file final-v2.pdb (PDB, C-alpha atoms)
ATOM      1  CA  MET A   1     -18.649  30.085  15.594  1.00  0.00           C
ATOM      2  CA  ALA A   2     -18.834  26.666  14.001  1.00  0.00           C
ATOM      3  CA  SER A   3     -16.162  24.010  13.624  1.00  0.00           C
ATOM      4  CA  PHE A   4     -15.420  22.320  10.308  1.00  0.00           C
ATOM      5  CA  LEU A   5     -13.681  19.330   8.792  1.00  0.00           C
ATOM      6  CA  ILE A   6     -13.056  19.352   5.039  1.00  0.00           C
ATOM      7  CA  VAL A   7     -12.733  16.045   3.178  1.00  0.00           C
ATOM      8  CA  ILE A   8     -11.441  16.214  -0.397  1.00  0.00           C
ATOM      9  CA  HIS A   9     -11.996  13.316  -2.798  1.00  0.00           C
ATOM     10  CA  SER A  10     -11.026  14.664  -6.215  1.00  0.00           C
ATOM     11  CA  ASP A  11      -7.750  14.652  -8.091  1.00  0.00           C
ATOM     12  CA  ASN A  12      -5.909  17.937  -7.636  1.00  0.00           C
ATOM     13  CA  TYR A  13      -5.191  18.463 -11.326  1.00  0.00           C
ATOM     14  CA  ALA A  14      -8.216  16.840 -12.936  1.00  0.00           C
ATOM     15  CA  SER A  15     -10.901  18.737 -11.084  1.00  0.00           C
ATOM     16  CA  GLN A  16     -11.785  22.239 -10.013  1.00  0.00           C
ATOM     17  CA  SER A  17     -13.107  21.029  -6.704  1.00  0.00           C
ATOM     18  CA  THR A  18      -9.709  21.043  -4.967  1.00  0.00           C
ATOM     19  CA  ARG A  19      -9.512  24.774  -5.608  1.00  0.00           C
ATOM     20  CA  SER A  20     -13.088  25.166  -4.400  1.00  0.00           C
ATOM     21  CA  ALA A  21     -12.073  23.334  -1.236  1.00  0.00           C
ATOM     22  CA  LEU A  22      -9.131  25.701  -0.779  1.00  0.00           C
ATOM     23  CA  GLN A  23     -11.327  28.758  -1.249  1.00  0.00           C
ATOM     24  CA  PHE A  24     -13.888  27.334   1.169  1.00  0.00           C
ATOM     25  CA  ALA A  25     -11.153  26.615   3.719  1.00  0.00           C
ATOM     26  CA  GLN A  26      -9.837  30.173   3.416  1.00  0.00           C
ATOM     27  CA  ALA A  27     -13.346  31.535   3.884  1.00  0.00           C
ATOM     28  CA  VAL A  28     -13.851  29.401   7.005  1.00  0.00           C
ATOM     29  CA  VAL A  29     -10.814  30.843   8.748  1.00  0.00           C
ATOM     30  CA  GLN A  30     -11.344  34.392   7.458  1.00  0.00           C
ATOM     31  CA  THR A  31     -14.846  34.491   8.902  1.00  0.00           C
ATOM     32  CA  GLY A  32     -13.666  33.395  12.324  1.00  0.00           C
ATOM     33  CA  HIS A  33     -14.808  29.791  12.248  1.00  0.00           C
ATOM     34  CA  GLN A  34     -12.653  26.915  13.324  1.00  0.00           C
ATOM     35  CA  LEU A  35     -11.178  24.556  10.742  1.00  0.00           C
ATOM     36  CA  LYS A  36     -10.032  21.420  12.538  1.00  0.00           C
ATOM     37  CA  GLY A  37      -8.500  19.671   9.579  1.00  0.00           C
ATOM     38  CA  ILE A  38      -8.344  18.949   5.888  1.00  0.00           C
ATOM     39  CA  PHE A  39      -8.396  15.260   5.007  1.00  0.00           C
ATOM     40  CA  LEU A  40      -7.325  13.919   1.614  1.00  0.00           C
ATOM     41  CA  TYR A  41      -9.184  10.770   0.615  1.00  0.00           C
ATOM     42  CA  GLN A  42      -9.476   8.813  -2.650  1.00  0.00           C
ATOM     43  CA  GLN A  43      -7.843  10.595  -5.614  1.00  0.00           C
ATOM     44  CA  ALA A  44      -7.158  13.690  -3.501  1.00  0.00           C
ATOM     45  CA  VAL A  45      -4.046  12.018  -2.071  1.00  0.00           C
ATOM     46  CA  ASN A  46      -2.330  13.335  -5.208  1.00  0.00           C
ATOM     47  CA  LEU A  47      -2.318  16.773  -3.647  1.00  0.00           C
ATOM     48  CA  ALA A  48       0.255  15.560  -1.134  1.00  0.00           C
ATOM     49  CA  ASN A  49       2.579  14.096  -3.759  1.00  0.00           C
ATOM     50  CA  GLN A  50       5.755  16.186  -3.680  1.00  0.00           C
ATOM     51  CA  HIS A  51       6.699  15.131  -7.215  1.00  0.00           C
ATOM     52  CA  ILE A  52       3.802  16.991  -8.752  1.00  0.00           C
ATOM     53  CA  ASP A  53       5.267  20.149 -10.205  1.00  0.00           C
ATOM     54  CA  ILE A  54       2.952  22.963 -11.254  1.00  0.00           C
ATOM     55  CA  PRO A  55       4.429  25.559 -13.668  1.00  0.00           C
ATOM     56  CA  SER A  56       5.112  28.892 -11.996  1.00  0.00           C
ATOM     57  CA  ASP A  57       2.529  30.757 -14.089  1.00  0.00           C
ATOM     58  CA  GLU A  58      -0.295  28.469 -12.913  1.00  0.00           C
ATOM     59  CA  LEU A  59      -2.015  28.539  -9.568  1.00  0.00           C
ATOM     60  CA  ASP A  60      -0.648  25.910  -7.233  1.00  0.00           C
ATOM     61  CA  ASN A  61      -3.365  24.608  -4.928  1.00  0.00           C
ATOM     62  CA  ARG A  62      -0.861  22.900  -2.702  1.00  0.00           C
ATOM     63  CA  GLN A  63       0.897  26.162  -1.839  1.00  0.00           C
ATOM     64  CA  GLY A  64      -2.473  27.544  -0.791  1.00  0.00           C
ATOM     65  CA  PHE A  65      -3.085  24.659   1.585  1.00  0.00           C
ATOM     66  CA  ILE A  66       0.444  24.892   2.961  1.00  0.00           C
ATOM     67  CA  ALA A  67      -0.093  28.600   3.644  1.00  0.00           C
ATOM     68  CA  LEU A  68      -3.257  27.740   5.573  1.00  0.00           C
ATOM     69  CA  LYS A  69      -1.301  25.302   7.667  1.00  0.00           C
ATOM     70  CA  GLN A  70       1.520  27.742   8.297  1.00  0.00           C
ATOM     71  CA  GLN A  71      -0.714  30.686   9.160  1.00  0.00           C
ATOM     72  CA  HIS A  72      -3.512  28.948  11.018  1.00  0.00           C
ATOM     73  CA  ALA A  73      -1.995  25.614  12.136  1.00  0.00           C
ATOM     74  CA  ILE A  74      -4.592  23.611  10.240  1.00  0.00           C
ATOM     75  CA  PRO A  75      -3.658  19.924   9.991  1.00  0.00           C
ATOM     76  CA  LEU A  76      -3.270  18.631   6.432  1.00  0.00           C
ATOM     77  CA  LEU A  77      -3.946  14.901   6.625  1.00  0.00           C
ATOM     78  CA  MET A  78      -3.566  12.302   3.887  1.00  0.00           C
ATOM     79  CA  CYS A  79      -5.261   8.911   4.088  1.00  0.00           C
ATOM     80  CA  VAL A  80      -2.551   6.261   4.299  1.00  0.00           C
ATOM     81  CA  THR A  81      -4.578   3.474   2.663  1.00  0.00           C
ATOM     82  CA  ALA A  82      -5.838   5.637  -0.187  1.00  0.00           C
ATOM     83  CA  GLY A  83      -2.283   6.893  -0.679  1.00  0.00           C
ATOM     84  CA  GLU A  84      -0.699   3.445  -0.785  1.00  0.00           C
ATOM     85  CA  LYS A  85      -3.164   2.307  -3.436  1.00  0.00           C
ATOM     86  CA  ARG A  86      -2.311   5.339  -5.545  1.00  0.00           C
ATOM     87  CA  GLY A  87       1.454   5.354  -5.151  1.00  0.00           C
ATOM     88  CA  VAL A  88       1.648   8.201  -2.653  1.00  0.00           C
ATOM     89  CA  THR A  89       3.600   6.788   0.252  1.00  0.00           C
ATOM     90  CA  GLN A  90       5.826   8.176   3.003  1.00  0.00           C
ATOM     91  CA  SER A  91       8.760   8.938   0.704  1.00  0.00           C
ATOM     92  CA  GLN A  92       6.610  10.907  -1.762  1.00  0.00           C
ATOM     93  CA  VAL A  93       4.586  12.926   0.707  1.00  0.00           C
ATOM     94  CA  GLU A  94       5.362  16.627   0.843  1.00  0.00           C
ATOM     95  CA  SER A  95       6.622  17.551   4.300  1.00  0.00           C
ATOM     96  CA  HIS A  96       3.674  19.765   5.303  1.00  0.00           C
ATOM     97  CA  PHE A  97       1.226  16.872   4.959  1.00  0.00           C
ATOM     98  CA  THR A  98       0.738  14.249   7.632  1.00  0.00           C
ATOM     99  CA  ILE A  99      -0.021  10.632   6.869  1.00  0.00           C
ATOM    100  CA  ALA A 100      -3.111   9.600   8.808  1.00  0.00           C
ATOM    101  CA  GLY A 101      -5.655   6.840   8.991  1.00  0.00           C
ATOM    102  CA  LEU A 102      -9.397   6.963   8.526  1.00  0.00           C
ATOM    103  CA  ALA A 103      -9.595   6.697  12.300  1.00  0.00           C
ATOM    104  CA  GLU A 104      -8.012  10.121  12.692  1.00  0.00           C
ATOM    105  CA  MET A 105     -10.488  11.560  10.201  1.00  0.00           C
ATOM    106  CA  ALA A 106     -13.395   9.937  12.066  1.00  0.00           C
ATOM    107  CA  GLU A 107     -12.129  11.287  15.369  1.00  0.00           C
ATOM    108  CA  ILE A 108     -12.121  14.848  14.034  1.00  0.00           C
ATOM    109  CA  ALA A 109     -15.509  14.311  12.354  1.00  0.00           C
ATOM    110  CA  CYS A 110     -16.974  13.285  15.705  1.00  0.00           C
ATOM    111  CA  ASP A 111     -15.840  16.580  17.145  1.00  0.00           C
ATOM    112  CA  VAL A 112     -16.928  19.120  14.512  1.00  0.00           C
ATOM    113  CA  ASP A 113     -20.240  20.770  13.696  1.00  0.00           C
ATOM    114  CA  ARG A 114     -19.875  20.466   9.949  1.00  0.00           C
ATOM    115  CA  LEU A 115     -18.177  17.996   7.644  1.00  0.00           C
ATOM    116  CA  ILE A 116     -17.878  19.296   4.085  1.00  0.00           C
ATOM    117  CA  GLN A 117     -16.980  17.083   1.138  1.00  0.00           C
ATOM    118  CA  PHE A 118     -15.402  18.241  -2.115  1.00  0.00           C
ATOM    119  CA  LYS A 119     -15.663  15.651  -4.866  1.00  0.00           C
TER     120      LYS A 119
ATOM    121  CA  MET B 120     -13.743  13.731  21.027  1.00  0.00           C
ATOM    122  CA  SER B 121     -17.157  15.035  21.928  1.00  0.00           C
ATOM    123  CA  ASN B 122     -19.302  12.757  24.038  1.00  0.00           C
ATOM    124  CA  SER B 123     -22.457  13.006  21.994  1.00  0.00           C
ATOM    125  CA  VAL B 124     -22.969  10.391  19.334  1.00  0.00           C
ATOM    126  CA  LYS B 125     -23.133  11.756  15.801  1.00  0.00           C
ATOM    127  CA  GLN B 126     -25.611  10.542  13.236  1.00  0.00           C
ATOM    128  CA  ILE B 127     -23.550   9.735  10.144  1.00  0.00           C
ATOM    129  CA  ALA B 128     -25.013   8.906   6.747  1.00  0.00           C
ATOM    130  CA  ILE B 129     -22.896   7.111   4.171  1.00  0.00           C
ATOM    131  CA  VAL B 130     -24.594   7.502   0.788  1.00  0.00           C
ATOM    132  CA  ASN B 131     -23.600   4.999  -1.903  1.00  0.00           C
ATOM    133  CA  GLN B 132     -24.314   6.162  -5.444  1.00  0.00           C
ATOM    134  CA  GLN B 133     -21.975   4.097  -7.632  1.00  0.00           C
ATOM    135  CA  SER B 134     -22.189   0.516  -8.862  1.00  0.00           C
ATOM    136  CA  SER B 135     -20.104  -2.185  -7.223  1.00  0.00           C
ATOM    137  CA  PHE B 136     -16.909  -2.443  -9.222  1.00  0.00           C
ATOM    138  CA  ASN B 137     -16.682   0.315 -11.827  1.00  0.00           C
ATOM    139  CA  THR B 138     -15.105   2.680  -9.325  1.00  0.00           C
ATOM    140  CA  PRO B 139     -13.515   2.145  -5.902  1.00  0.00           C
ATOM    141  CA  ASN B 140     -16.243   4.290  -4.344  1.00  0.00           C
ATOM    142  CA  GLY B 141     -18.320   1.445  -2.946  1.00  0.00           C
ATOM    143  CA  ARG B 142     -15.355  -0.074  -1.224  1.00  0.00           C
ATOM    144  CA  GLU B 143     -14.061   3.231   0.103  1.00  0.00           C
ATOM    145  CA  ALA B 144     -17.540   4.175   1.326  1.00  0.00           C
ATOM    146  CA  LEU B 145     -17.705   0.861   3.164  1.00  0.00           C
ATOM    147  CA  ASP B 146     -14.406   1.669   4.876  1.00  0.00           C
ATOM    148  CA  LEU B 147     -15.941   4.974   6.002  1.00  0.00           C
ATOM    149  CA  ALA B 148     -19.075   3.291   7.336  1.00  0.00           C
ATOM    150  CA  LEU B 149     -17.070   0.750   9.326  1.00  0.00           C
ATOM    151  CA  ILE B 150     -14.657   3.277  10.804  1.00  0.00           C
ATOM    152  CA  PHE B 151     -17.462   5.507  12.082  1.00  0.00           C
ATOM    153  CA  ALA B 152     -19.219   2.466  13.505  1.00  0.00           C
ATOM    154  CA  ALA B 153     -15.973   1.443  15.187  1.00  0.00           C
ATOM    155  CA  PHE B 154     -16.036   4.856  16.873  1.00  0.00           C
ATOM    156  CA  ASP B 155     -19.518   4.009  18.201  1.00  0.00           C
ATOM    157  CA  GLN B 156     -21.244   6.619  16.064  1.00  0.00           C
ATOM    158  CA  SER B 157     -24.728   5.992  14.734  1.00  0.00           C
ATOM    159  CA  VAL B 158     -24.160   5.027  11.107  1.00  0.00           C
ATOM    160  CA  CYS B 159     -26.824   4.845   8.442  1.00  0.00           C
ATOM    161  CA  ALA B 160     -25.919   3.254   5.093  1.00  0.00           C
ATOM    162  CA  ILE B 161     -27.974   4.549   2.186  1.00  0.00           C
ATOM    163  CA  PHE B 162     -27.994   3.124  -1.331  1.00  0.00           C
ATOM    164  CA  ILE B 163     -29.363   5.230  -4.175  1.00  0.00           C
ATOM    165  CA  ASP B 164     -28.971   5.420  -7.962  1.00  0.00           C
ATOM    166  CA  ASP B 165     -26.446   2.834  -9.203  1.00  0.00           C
ATOM    167  CA  GLY B 166     -25.418   2.320  -5.569  1.00  0.00           C
ATOM    168  CA  VAL B 167     -28.265  -0.185  -5.256  1.00  0.00           C
ATOM    169  CA  TYR B 168     -26.224  -2.585  -7.403  1.00  0.00           C
ATOM    170  CA  GLN B 169     -23.843  -2.981  -4.441  1.00  0.00           C
ATOM    171  CA  LEU B 170     -26.594  -4.989  -2.721  1.00  0.00           C
ATOM    172  CA  TYR B 171     -27.673  -7.037  -5.741  1.00  0.00           C
ATOM    173  CA  GLN B 172     -27.264 -10.726  -5.144  1.00  0.00           C
ATOM    174  CA  GLY B 173     -25.240 -13.088  -7.290  1.00  0.00           C
ATOM    175  CA  GLN B 174     -22.392 -10.770  -8.283  1.00  0.00           C
ATOM    176  CA  GLN B 175     -19.225 -12.651  -9.119  1.00  0.00           C
ATOM    177  CA  ALA B 176     -16.287 -10.349  -8.552  1.00  0.00           C
ATOM    178  CA  GLU B 177     -13.803 -13.102  -9.346  1.00  0.00           C
ATOM    179  CA  LEU B 178     -14.941 -13.159 -12.986  1.00  0.00           C
ATOM    180  CA  ILE B 179     -13.557  -9.665 -13.459  1.00  0.00           C
ATOM    181  CA  LYS B 180     -10.551 -10.338 -11.227  1.00  0.00           C
ATOM    182  CA  THR B 181     -11.747  -7.947  -8.565  1.00  0.00           C
ATOM    183  CA  LYS B 182     -11.712  -8.301  -4.820  1.00  0.00           C
ATOM    184  CA  ASP B 183     -15.164  -9.068  -3.474  1.00  0.00           C
ATOM    185  CA  TYR B 184     -15.583  -6.372  -0.839  1.00  0.00           C
ATOM    186  CA  LEU B 185     -19.369  -6.768  -1.015  1.00  0.00           C
ATOM    187  CA  ALA B 186     -19.234  -9.761   1.329  1.00  0.00           C
ATOM    188  CA  THR B 187     -17.893  -7.400   4.010  1.00  0.00           C
ATOM    189  CA  MET B 188     -21.291  -5.681   4.118  1.00  0.00           C
ATOM    190  CA  LYS B 189     -22.550  -8.721   5.961  1.00  0.00           C
ATOM    191  CA  ALA B 190     -20.484  -7.309   8.852  1.00  0.00           C
ATOM    192  CA  PHE B 191     -22.900  -4.376   9.185  1.00  0.00           C
ATOM    193  CA  ASP B 192     -24.660  -6.409  11.866  1.00  0.00           C
ATOM    194  CA  LEU B 193     -21.481  -6.913  13.857  1.00  0.00           C
ATOM    195  CA  TYR B 194     -20.800  -3.187  13.716  1.00  0.00           C
ATOM    196  CA  ASP B 195     -24.343  -2.343  14.815  1.00  0.00           C
ATOM    197  CA  ILE B 196     -25.100  -0.651  11.512  1.00  0.00           C
ATOM    198  CA  ASP B 197     -28.793  -1.450  11.433  1.00  0.00           C
ATOM    199  CA  LYS B 198     -30.133   1.528   9.522  1.00  0.00           C
ATOM    200  CA  ILE B 199     -29.758   0.453   5.913  1.00  0.00           C
ATOM    201  CA  LEU B 200     -31.949   2.250   3.398  1.00  0.00           C
ATOM    202  CA  VAL B 201     -32.291   1.342  -0.254  1.00  0.00           C
ATOM    203  CA  CYS B 202     -34.045   3.681  -2.652  1.00  0.00           C
ATOM    204  CA  GLU B 203     -37.259   2.157  -3.946  1.00  0.00           C
ATOM    205  CA  GLN B 204     -37.288   4.158  -7.160  1.00  0.00           C
ATOM    206  CA  SER B 205     -33.643   3.292  -7.927  1.00  0.00           C
ATOM    207  CA  LEU B 206     -34.479  -0.418  -7.500  1.00  0.00           C
ATOM    208  CA  GLN B 207     -37.536  -0.159  -9.740  1.00  0.00           C
ATOM    209  CA  ARG B 208     -35.645   1.643 -12.484  1.00  0.00           C
ATOM    210  CA  ARG B 209     -33.069  -1.126 -12.540  1.00  0.00           C
ATOM    211  CA  GLY B 210     -35.566  -3.973 -12.353  1.00  0.00           C
ATOM    212  CA  ILE B 211     -34.343  -5.226  -8.990  1.00  0.00           C
ATOM    213  CA  ASN B 212     -36.710  -6.711  -6.416  1.00  0.00           C
ATOM    214  CA  ALA B 213     -36.143  -6.245  -2.705  1.00  0.00           C
ATOM    215  CA  CYS B 214     -35.948 -10.051  -2.376  1.00  0.00           C
ATOM    216  CA  GLU B 215     -32.865 -10.015  -4.620  1.00  0.00           C
ATOM    217  CA  LEU B 216     -30.777  -8.005  -2.155  1.00  0.00           C
ATOM    218  CA  THR B 217     -27.883  -9.580  -0.277  1.00  0.00           C
ATOM    219  CA  ILE B 218     -28.516  -7.973   3.104  1.00  0.00           C
ATOM    220  CA  ASN B 219     -31.554  -7.105   5.109  1.00  0.00           C
ATOM    221  CA  ALA B 220     -32.224  -3.545   4.031  1.00  0.00           C
ATOM    222  CA  ASN B 221     -35.222  -1.252   4.285  1.00  0.00           C
ATOM    223  CA  VAL B 222     -36.657  -0.216   0.968  1.00  0.00           C
ATOM    224  CA  ALA B 223     -37.396   3.496   1.339  1.00  0.00           C
ATOM    225  CA  THR B 224     -38.980   6.221  -0.743  1.00  0.00           C
ATOM    226  CA  SER B 225     -36.925   9.242  -1.669  1.00  0.00           C
ATOM    227  CA  ALA B 226     -38.959  11.257   0.847  1.00  0.00           C
ATOM    228  CA  GLN B 227     -38.012   8.810   3.617  1.00  0.00           C
ATOM    229  CA  ILE B 228     -34.363   8.968   2.585  1.00  0.00           C
ATOM    230  CA  ARG B 229     -34.490  12.758   2.553  1.00  0.00           C
ATOM    231  CA  ALA B 230     -35.998  12.749   6.052  1.00  0.00           C
ATOM    232  CA  GLN B 231     -33.231  10.447   7.268  1.00  0.00           C
ATOM    233  CA  LEU B 232     -30.543  12.688   5.772  1.00  0.00           C
ATOM    234  CA  GLU B 233     -32.060  15.678   7.540  1.00  0.00           C
ATOM    235  CA  ARG B 234     -31.668  13.869  10.857  1.00  0.00           C
ATOM    236  CA  CYS B 235     -27.973  13.256  10.242  1.00  0.00           C
ATOM    237  CA  ASP B 236     -25.133  15.429  11.534  1.00  0.00           C
ATOM    238  CA  HIS B 237     -22.752  14.446   8.748  1.00  0.00           C
ATOM    239  CA  VAL B 238     -23.393  13.069   5.281  1.00  0.00           C
ATOM    240  CA  LEU B 239     -20.669  11.475   3.188  1.00  0.00           C
ATOM    241  CA  SER B 240     -21.610  10.465  -0.333  1.00  0.00           C
ATOM    242  CA  LEU B 241     -19.461   8.431  -2.675  1.00  0.00           C
TER     243      LEU B 241
END
call {"tool": "encode", "arguments": {"input": "final-v2.pdb", "output": "structure tokens"}}
result
Amino acid sequence: MASFLIVIHSDNYASQSTRSALQFAQAVVQTGHQLKGIFLYQQAVNLANQHIDIPSDELDNRQGFIALKQQHAIPLLMCVTAGEKRGVTQSQVESHFTIAGLAEMAEIACDVDRLIQFK
Amino acid sequence: MSNSVKQIAIVNQQSSFNTPNGREALDLALIFAAFDQSVCAIFIDDGVYQLYQGQQAELIKTKDYLATMKAFDLYDIDKILVCEQSLQRRGINACELTINANVATSAQIRAQLERCDHVLSL
């Protein structure tokens, strides 16, 4: 069993890589590995913005991440500095996401076998 | 946190000011160094421009984060690799770099990356 940290950099809507990250995260837990956290950095902070509203006939990445958190207690962390620069602050953050600093990301990274970026 | 020190590579691929990547990669390098991890800063492709001397951020009304790289010393980030081929392609000499970096071949950079536990590229 290996332990993982996923760091997402890309904008949720503008790139496929957020969905790739979700599918990778699902595969990690389904195959019995340990996922210690998902960290949103750079443009990926958009994923935590509660005002983003995806039409019901389109796949909603955020719901997928929230399900992972609910079913497997995986922390969903959003970088506070990256968020502030992009207008995603405390009042906009969807309640399943936790505002965190780079230090929290680094702490998890120090503890896992694999750090996987999605850009 | 695990007791063993991780080897972390921060790979810079973008020029200084066109995207926030250089600045946000620097933040990553410094935070891992602050956690006493072994950080290696690598500059390839347009990332080599981040070390090019004489850039004047104020002319384009941008914050000059490049000066912060001089703090690599303070943070014990002493493994700094710059891609030789990327420098050549852009007509930059090693003597024109702002910090004391090792010019490395792509094979040397690849070998360094293989020694690292985590690689973050921006």
call {"tool": "resolve_selection", "arguments": {"input": "final-v2.pdb", "expression": "the PyMOL selection byres ((chain A) within 8 of (chain B))", "output": "MDAnalysis selection string"}}
result
chainID A and resid 42 102:103 106:108 110:111 113:115 117
call {"tool": "residues_around", "arguments": {"input": "final-v2.pdb", "residues": "Val88 (chain A)", "least_positions_apart": "3", "cutoff": "10 Å", "atoms": "only C-alpha atoms", "output": "JSON, numbers by chain"}}
result
{"A": [45, 46, 47, 48, 49, 50, 51, 78, 79, 80, 81, 82, 83, 84, 85, 91, 92, 93, 94, 99]}
call {"tool": "atom_distance", "arguments": {"input": "final-v2.pdb", "atom1": "CA of Ile218 (chain B)", "atom2": "CA of Ile116 (chain A)"}}
result
29.3 Å
call {"tool": "resolve_selection", "arguments": {"input": "final-v2.pdb", "expression": "the PyMOL selection byres ((chain A and resi 10) around 9)", "output": "ChimeraX atom specification"}}
result
/A:8-9,11-18,40-46,118-119
call {"tool": "residues_around", "arguments": {"input": "final-v2.pdb", "residues": "Val28 (chain A)", "least_positions_apart": "3", "cutoff": "12 Å", "atoms": "all atoms listed in the file", "output": "list of chain:residue names"}}
result
A:Met1, A:Ala2, A:Ser3, A:Phe4, A:Leu5, A:Ile6, A:Ala21, A:Leu22, A:Gln23, A:Phe24, A:Ala25, A:Thr31, A:Gly32, A:His33, A:Gln34, A:Leu35, A:Lys36, A:Gly37, A:Ile38, A:Leu68, A:His72, A:Ile74, A:Arg114, A:Ile116
call {"tool": "axis_aligned_box", "arguments": {"input": "final-v2.pdb", "around": "region 57-69 of chain A", "padding_each_side": "3 Å", "output": "lines of an AutoDock Vina configuration file"}}
result
center_x = -0.4
center_y = 26.8
center_z = -3.2
size_x = 11.9
size_y = 13.9
size_z = 27.8
call {"tool": "resolve_selection", "arguments": {"input": "final-v2.pdb", "expression": "the PyMOL selection byres ((chain B and resi 199) around 12)", "output": "ChimeraX atom specification"}}
result
/B:127-131,148,157-163,167,170,188-189,191-192,195-198,200-202,216-223,227-228,231
call {"tool": "atom_distance", "arguments": {"input": "final-v2.pdb", "atom1": "CA of Glu203 (chain B)", "atom2": "CA of Thr224 (chain B)"}}
result
5.5 Å
call {"tool": "atom_distance", "arguments": {"input": "final-v2.pdb", "atom1": "CA of Gln204 (chain B)", "atom2": "CA of Ala186 (chain B)"}}
result
24.3 Å
